[in-house]
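Below: input-v2.cif (mmCIF, C-alpha atoms)
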data_my_file
#
loop_
_atom_site.label_atom_id
_atom_site.label_comp_id
_atom_site.auth_asym_id
_atom_site.auth_seq_id
_atom_site.Cartn_x
_atom_site.Cartn_y
_atom_site.Cartn_z
CA MET A 955 22.27 16.33 2.46
CA THR A 956 18.88 17.69 1.50
CA LEU A 957 17.50 14.96 -0.71
CA GLN A 958 14.60 17.06 -1.99
CA THR A 959 16.98 19.51 -3.64
CA CYS A 960 19.44 16.94 -4.95
CA ALA A 961 19.51 17.14 -8.76
CA GLN A 962 21.22 13.79 -9.18
CA PRO A 963 19.41 10.54 -8.43
CA VAL A 964 19.44 9.50 -4.81
CA LEU A 965 21.89 6.63 -4.73
CA PHE A 966 22.23 3.85 -2.20
CA GLU A 967 25.35 5.48 -0.79
CA HIS A 968 23.37 8.64 0.01
CA PHE A 969 21.02 6.97 2.46
CA GLU A 970 21.93 7.51 6.09
CA PRO A 971 20.27 5.05 8.51
CA GLY A 972 18.72 6.87 11.45
CA SER A 973 18.16 10.09 9.55
CA LEU A 974 14.98 12.01 8.82
CA MET A 975 14.97 12.37 5.06
CA GLY A 976 12.11 14.84 4.84
CA GLU A 977 8.42 15.49 5.35
CA HIS A 978 5.50 15.98 3.02
CA SER A 979 1.89 17.05 3.49
CA GLU A 980 -1.10 15.86 1.51
CA THR A 981 -4.79 16.70 1.82
CA TYR A 982 -7.61 14.22 1.31
CA THR A 983 -9.41 16.21 -1.35
CA PRO A 984 -12.61 15.53 -3.32
CA ASN A 985 -10.38 15.16 -6.40
CA GLN A 986 -8.44 12.38 -4.71
CA ALA A 987 -11.66 10.70 -3.69
CA ARG A 988 -12.91 10.82 -7.29
CA ARG A 989 -9.68 9.29 -8.54
CA TRP A 990 -9.98 6.41 -6.08
CA GLN A 991 -13.63 5.91 -7.02
CA ALA A 992 -12.77 5.84 -10.73
CA ILE A 993 -10.78 2.68 -10.02
CA PHE A 994 -12.62 0.97 -7.19
CA GLY A 995 -16.20 2.19 -7.57
CA ASN A 996 -18.31 5.02 -6.27
CA THR A 997 -20.84 3.11 -4.20
CA ALA A 998 -21.06 2.61 -0.48
CA ALA A 999 -20.65 -1.12 -1.06
CA ALA A 1000 -17.32 -0.42 -2.76
CA GLY A 1001 -16.20 1.64 0.21
CA ALA A 1002 -16.49 5.00 -1.50
CA ASP A 1003 -16.60 7.89 0.96
CA GLY A 1004 -16.03 5.21 3.57
CA PRO A 1005 -13.40 3.03 5.18
CA ALA A 1006 -11.96 1.36 2.09
CA GLU A 1007 -11.40 4.72 0.45
CA GLN A 1008 -10.05 6.24 3.67
CA ALA A 1009 -7.62 3.39 4.32
CA SER A 1010 -6.50 3.63 0.70
CA MET A 1011 -5.81 7.32 1.22
CA ALA A 1012 -3.36 6.38 3.95
CA VAL A 1013 -1.54 4.22 1.38
CA VAL A 1014 -1.70 7.04 -1.16
CA MET A 1015 -0.35 9.59 1.30
CA MET A 1016 2.45 7.24 2.27
CA MET A 1017 3.46 6.73 -1.35
CA ARG A 1018 3.18 10.40 -2.26
CA ALA A 1019 5.41 11.31 0.68
CA TYR A 1020 8.02 8.70 -0.26
CA LEU A 1021 8.00 9.80 -3.90
CA LYS A 1022 8.28 13.49 -3.04
CA VAL A 1023 10.95 13.14 -0.37
CA VAL A 1024 13.18 10.56 -2.02
CA ALA A 1025 13.64 12.19 -5.39
CA PRO A 1026 14.86 11.91 -8.00
CA ARG A 1027 15.21 8.15 -7.90
CA PRO A 1028 17.29 5.95 -10.16
CA PRO A 1029 15.13 3.84 -12.48
CA GLY A 1030 14.51 0.21 -11.64
CA ASN A 1031 13.86 0.22 -7.89
CA ILE A 1032 11.72 -2.62 -6.56
CA HIS A 1033 9.14 -2.26 -3.79
CA ALA A 1034 9.59 -5.66 -2.19
CA ARG A 1035 7.71 -5.54 1.09
CA GLN A 1036 5.29 -3.27 2.90
CA LYS A 1037 4.29 -3.06 6.52
CA LEU A 1038 1.53 -0.65 7.42
CA GLU A 1039 -0.28 0.03 10.66
CA LEU A 1040 -3.41 2.15 10.68
CA HIS A 1041 -3.75 4.21 13.85
CA GLY A 1042 -6.65 6.25 12.54
CA MET A 1043 -8.44 6.89 9.29
CA PRO A 1044 -7.78 10.01 7.21
CA ARG A 1045 -10.92 12.14 7.04
CA PRO A 1046 -12.10 13.98 3.92
CA GLY A 1047 -10.49 17.41 3.94
CA GLU A 1048 -7.82 16.41 6.43
CA THR A 1049 -4.17 17.20 5.78
CA VAL A 1050 -1.72 14.51 6.77
CA ARG A 1051 1.93 15.31 7.33
CA THR A 1052 4.20 12.36 6.68
CA ALA A 1053 7.78 12.03 7.84
CA VAL A 1054 10.14 9.74 5.94
CA HIS A 1055 13.06 8.21 7.79
CA CYS A 1056 15.84 5.95 6.60
CA VAL A 1057 15.94 3.09 9.08
CA ALA A 1058 18.52 0.73 7.64
CA LYS A 1059 20.39 -0.33 4.55
CA SER A 1060 22.25 -3.50 3.78
CA MET A 1061 23.68 -5.59 0.98
CA ARG A 1062 22.15 -9.04 0.58
CA ARG A 1063 23.00 -11.36 -2.28
CA GLU A 1064 24.50 -8.38 -4.10
CA ARG A 1065 21.25 -6.46 -3.80
CA ARG A 1066 20.90 -3.07 -2.14
CA TYR A 1067 18.17 -3.27 0.48
CA LEU A 1068 16.68 -0.16 2.04
CA GLU A 1069 14.27 0.15 4.94
CA LEU A 1070 12.31 3.39 5.06
CA ARG A 1071 9.92 4.35 7.85
CA VAL A 1072 6.95 6.60 7.11
CA GLU A 1073 4.77 8.12 9.81
CA GLY A 1074 1.67 10.15 9.01
CA ASN A 1075 -0.10 12.50 11.40
CA GLY A 1076 -3.32 14.34 10.69
CA ASP A 1077 -5.14 17.28 12.21
CA ASN A 1078 -3.79 18.31 15.60
CA GLY A 1079 -1.08 15.71 15.21
CA ARG A 1080 -3.35 12.71 15.57
CA PRO A 1081 -1.58 9.55 14.40
CA ILE A 1082 -2.90 8.15 11.13
CA PHE A 1083 -0.42 5.52 10.01
CA ALA A 1084 3.08 4.14 10.33
CA GLY A 1085 4.67 2.06 7.64
CA ASP A 1086 7.88 0.37 6.64
CA LEU A 1087 8.88 0.13 3.01
CA THR A 1088 11.45 -2.43 1.99
CA LEU A 1089 13.03 -1.42 -1.28
CA ILE A 1090 15.67 -2.98 -3.48
CA TRP A 1091 17.51 0.03 -4.76
CA ALA A 1092 18.77 0.03 -8.32
CA ALA A 1093 21.99 2.01 -7.96
CA MET B 1398 -25.23 -4.83 12.11
CA MET B 1399 -25.43 -8.61 12.27
CA THR B 1400 -22.12 -10.28 12.92
CA GLN B 1401 -20.97 -13.83 13.22
CA PRO B 1402 -17.78 -15.56 14.34
CA TYR B 1403 -15.01 -14.87 11.89
CA HIS B 1404 -14.22 -18.51 11.23
CA SER B 1405 -17.70 -19.82 10.53
CA SER B 1406 -18.04 -19.15 6.79
CA PRO B 1407 -15.85 -18.74 3.72
CA MET B 1408 -14.63 -15.25 2.98
CA PRO B 1409 -15.90 -13.62 -0.19
CA THR B 1410 -13.11 -12.22 -2.33
CA CYS B 1411 -12.94 -8.73 -3.76
CA ASN B 1412 -12.09 -8.43 -7.45
CA LEU B 1413 -10.55 -5.89 -9.80
CA SER B 1414 -9.91 -6.09 -13.52
CA VAL B 1415 -6.61 -4.35 -14.20
CA THR B 1416 -6.78 -2.04 -17.19
CA ALA B 1417 -4.44 0.59 -18.58
CA ALA B 1418 -7.04 3.17 -17.56
CA ALA B 1419 -7.03 1.91 -13.97
CA ILE B 1420 -3.24 2.09 -13.86
CA ARG B 1421 -3.34 5.63 -15.29
CA ALA B 1422 -5.90 6.65 -12.69
CA TYR B 1423 -3.78 5.14 -9.91
CA ALA B 1424 -0.73 7.01 -11.22
CA GLU B 1425 -2.68 10.24 -10.89
CA LEU B 1426 -3.89 9.25 -7.43
CA THR B 1427 -0.38 8.61 -6.15
CA ASP B 1428 1.47 11.03 -8.43
CA ASP B 1429 3.62 8.08 -9.50
CA PHE B 1430 4.22 8.38 -13.23
CA ASN B 1431 7.08 5.90 -13.45
CA PRO B 1432 7.18 4.85 -17.13
CA LEU B 1433 7.32 1.23 -16.02
CA HIS B 1434 3.61 1.64 -15.21
CA LEU B 1435 2.59 3.78 -18.17
CA ASP B 1436 4.89 3.49 -21.17
CA GLU B 1437 4.67 0.24 -23.15
CA GLU B 1438 7.83 0.93 -25.13
CA PHE B 1439 9.83 1.70 -22.01
CA ALA B 1440 8.44 -1.30 -20.14
CA ALA B 1441 9.25 -3.60 -23.04
CA ARG B 1442 12.93 -2.83 -22.53
CA THR B 1443 12.85 -3.81 -18.83
CA PRO B 1444 12.98 -7.29 -17.31
CA MET B 1445 9.19 -7.04 -16.82
CA GLY B 1446 8.73 -6.95 -20.57
CA ARG B 1447 5.50 -4.96 -20.38
CA VAL B 1448 3.70 -2.42 -18.28
CA ILE B 1449 3.01 -3.41 -14.67
CA ALA B 1450 0.58 -1.99 -12.14
CA HIS B 1451 1.74 -0.11 -9.07
CA GLY B 1452 2.24 -2.55 -6.21
CA THR B 1453 0.15 -0.53 -3.79
CA LEU B 1454 -2.85 -0.69 -6.12
CA SER B 1455 -3.24 -4.21 -4.76
CA LEU B 1456 -3.11 -2.91 -1.17
CA CYS B 1457 -6.11 -0.72 -1.89
CA LEU B 1458 -7.95 -3.76 -3.21
CA MET B 1459 -7.07 -5.53 0.03
CA TRP B 1460 -8.64 -2.67 2.01
CA GLN B 1461 -11.73 -3.07 -0.11
CA TRP B 1462 -11.80 -6.75 0.83
CA VAL B 1463 -11.58 -5.81 4.51
CA HIS B 1464 -14.39 -3.30 4.04
CA GLN B 1465 -16.62 -5.83 2.33
CA ASN B 1466 -16.10 -8.52 4.95
CA PHE B 1467 -15.68 -6.79 8.31
CA ASP B 1468 -17.16 -3.99 10.34
CA ALA B 1469 -15.63 -0.58 9.76
CA ASP B 1470 -14.14 -0.35 13.21
CA VAL B 1471 -11.59 -3.10 12.49
CA PHE B 1472 -9.60 -0.70 10.32
CA THR B 1473 -8.21 1.23 13.24
CA GLY B 1474 -5.31 -0.74 14.59
CA LEU B 1475 -4.89 -2.96 11.53
CA GLN B 1476 -1.35 -4.16 10.96
CA LEU B 1477 -0.53 -5.30 7.46
CA ASP B 1478 2.72 -7.01 6.48
CA VAL B 1479 2.89 -8.11 2.85
CA ARG B 1480 5.37 -8.94 0.14
CA PHE B 1481 4.94 -8.00 -3.48
CA VAL B 1482 5.54 -11.46 -4.83
CA LYS B 1483 4.95 -11.06 -8.55
CA PRO B 1484 4.07 -8.16 -10.83
CA VAL B 1485 0.53 -7.36 -11.88
CA PHE B 1486 -0.06 -6.80 -15.59
CA VAL B 1487 -2.74 -5.14 -17.68
CA GLY B 1488 -5.43 -7.75 -18.27
CA ASP B 1489 -5.00 -9.47 -14.93
CA LEU B 1490 -8.13 -10.13 -12.92
CA LEU B 1491 -7.16 -9.72 -9.29
CA SER B 1492 -8.89 -11.25 -6.30
CA ALA B 1493 -8.16 -10.07 -2.77
CA GLY B 1494 -8.92 -12.55 -0.06
CA GLY B 1495 -7.86 -14.05 3.21
CA GLN B 1496 -8.39 -16.71 5.81
CA PRO B 1497 -7.82 -16.84 9.54
CA ARG B 1498 -4.49 -18.29 10.59
CA ALA B 1499 -4.86 -21.40 12.69
CA GLY B 1500 -3.97 -20.86 16.32
CA GLN B 1501 -3.63 -17.09 16.00
CA PRO B 1502 -7.09 -15.61 16.57
CA HIS B 1503 -6.33 -12.06 15.46
CA CYS B 1504 -4.14 -12.94 12.50
CA TRP B 1505 -5.20 -13.53 8.91
CA ASP B 1506 -3.28 -14.82 5.96
CA VAL B 1507 -4.13 -12.43 3.15
CA TRP B 1508 -3.36 -12.30 -0.53
CA VAL B 1509 -4.07 -10.73 -3.85
CA ARG B 1510 -4.14 -13.38 -6.56
CA ALA B 1511 -4.43 -13.24 -10.32
CA GLN B 1512 -6.71 -15.31 -12.53
CA ASP B 1513 -4.09 -18.08 -12.77
CA GLY B 1514 -4.20 -18.55 -9.01
CA SER B 1515 -0.73 -17.19 -8.39
CA ASP B 1516 -0.10 -14.83 -5.50
CA ARG B 1517 0.86 -11.33 -6.52
CA VAL B 1518 0.79 -9.95 -2.98
CA ALA B 1519 0.85 -12.15 0.11
CA GLY B 1520 1.30 -11.70 3.81
CA GLU B 1521 -0.54 -11.26 7.07
CA LEU B 1522 -3.08 -8.94 8.56
CA ARG B 1523 -3.46 -8.47 12.30
CA MET B 1524 -6.56 -6.97 13.85
CA ASN B 1525 -7.18 -5.40 17.21
CA GLN B 1526 -10.15 -6.64 19.19
CA PRO B 1527 -13.10 -4.50 18.16
CA HIS B 1528 -15.30 -3.51 21.11
CA GLY B 1529 -14.00 -6.31 23.28
CA GLN B 1530 -14.99 -9.06 20.90
CA GLU B 1531 -12.76 -12.00 20.19
CA SER B 1532 -11.53 -10.83 16.81
CA GLY B 1533 -12.60 -9.17 13.60
CA ASP B 1534 -16.22 -10.12 12.97
CA LEU B 1535 -17.53 -10.86 9.56
CA ARG B 1536 -20.34 -8.83 8.13
#

Could you quickly redo this structure as structure tokens?
Amino acid sequence: MTLQTCAQPVLFEHFEPGSLMGEHSETYTPNQARRWQAIFGNTAAAGADGPAEQASMAVVMMMRAYLKVVAPRPPGNIHARQKLELHGMPRPGETVRTAVHCVAKSMRRERRYLELRVEGNGDNGRPIFAGDLTLIWAA
Amino acid sequence: MMTQPYHSSPMPTCNLSVTAAAIRAYAELTDDFNPLHLDEEFAARTPMGRVIAHGTLSLCLMWQWVHQNFDADVFTGLQLDVRFVKPVFVGDLLSAGGQPRAGQPHCWDVWVRAQDGSDRVAGELRMNQPHGQESGDLR
């Protein structure tokens, strides 16, 4: 199934372990930098225009890709655990393409657990990040 | 830049006061407008009882802690593995911090705690050896 075009919420039964669910591209824009700085500060000491902001953009790109690819979602999902490995830092102006895979799903204590893998690559395919989201799916 | 062994001094924390404006800004940053984060009436009808912050907001604060305590080059190769232990609410004062794990020179126990001392995010952070040094060096 093409999850991005599914009008109904993506249910637990729709996830297929081992499958590529979709890809999404995001650019590290000045607007995004300003949004980060509005929360965390706009000084060098805060990490603005520097590593803290750049590493945060990897998190932002990961979440934007997940939210765009796995949509619409049933209300009430829980983000329980996050693994994230930084291979490189997104650069201002760089576009990062993120692939979202379903790795596994299981029932534990009557809860629906999902494992999604996200892998982001920047300009010329350079690796930026790889992450694993553990989600407790609502339906 | 002056550096010193990572285990020789206490680690300063990195703090963030969680406001509705900060949550709104983070929603715009991640394009995550889940009403659980933004709509008080909606959130009041959920088990949370009130609006909660996005879990990954705390990850960005953790990156800021890394930035404020280590050289920039430690970011590349970082491996983070955390659990979202408890929700973060408007009005919480978060502190990101960490300490080296005994017997594991490249591994840190990290957390984001609220003003009551409870962990909201907790897990481990692994660092590559920067420039052949023993481990991540403090600023």

Compare B:Leu1475, B:Leu1454, B:Val1415, B:Ala1511 by their minimum atom-to-atom distance to Gly1488 in chain B, counting all atoms listed in the file, and give me the closest one.
B:Val1415

Would you tabulate, counting all atoms listed in the file, all residues of range 1001-1073 of chain A that have an atom at most 9 Å from an atom of range 975-981 of chain A, showing the closest pair of atoms and their distance in Å to one decimal, sorted by chain then ascending number, as a tab-separated table?
residue	atom	partner	partner_atom	distance
A:Met1015	CA	A:Glu980	CA	6.3
A:Arg1018	CA	A:Glu980	CA	7.9
A:Ala1019	CA	A:His978	CA	5.2
A:Tyr1020	CA	A:His978	CA	8.4
A:Lys1022	CA	A:His978	CA	7.1
A:Val1023	CA	A:Gly976	CA	5.6
A:Val1024	CA	A:Met975	CA	7.5
A:Pro1046	CA	A:Thr981	CA	8.1
A:Gly1047	CA	A:Thr981	CA	6.1
A:Glu1048	CA	A:Thr981	CA	5.5
A:Thr1049	CA	A:Thr981	CA	4.0
A:Val1050	CA	A:Glu980	CA	5.5
A:Arg1051	CA	A:Ser979	CA	4.2
A:Thr1052	CA	A:His978	CA	5.3
A:Ala1053	CA	A:Glu977	CA	4.3
A:Val1054	CA	A:Met975	CA	5.6
A:His1055	CA	A:Met975	CA	5.3
A:Cys1056	CA	A:Met975	CA	6.7

At a cut-off of 10 Å, which residues of chain B touch chain A? Count only C-alpha atoms and give the answer as a VMD selection string.
chain B and resid 1411 to 1416 1418 to 1429 1431 to 1433 1443 to 1444 1451 to 1454 1456 to 1465 1468 to 1483 1518 to 1524

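We find CA of Lys1059 in chain A and CA of Glu970 in chain A to be spaced 8.1 Å apart.
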
Between CA of Glu1064 in chain A and CA of His968 in chain A, what is the distance, to one decimal in Å?
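CA of Glu1064 in chain A sits 17.5 Å away from CA of His968 in chain A.
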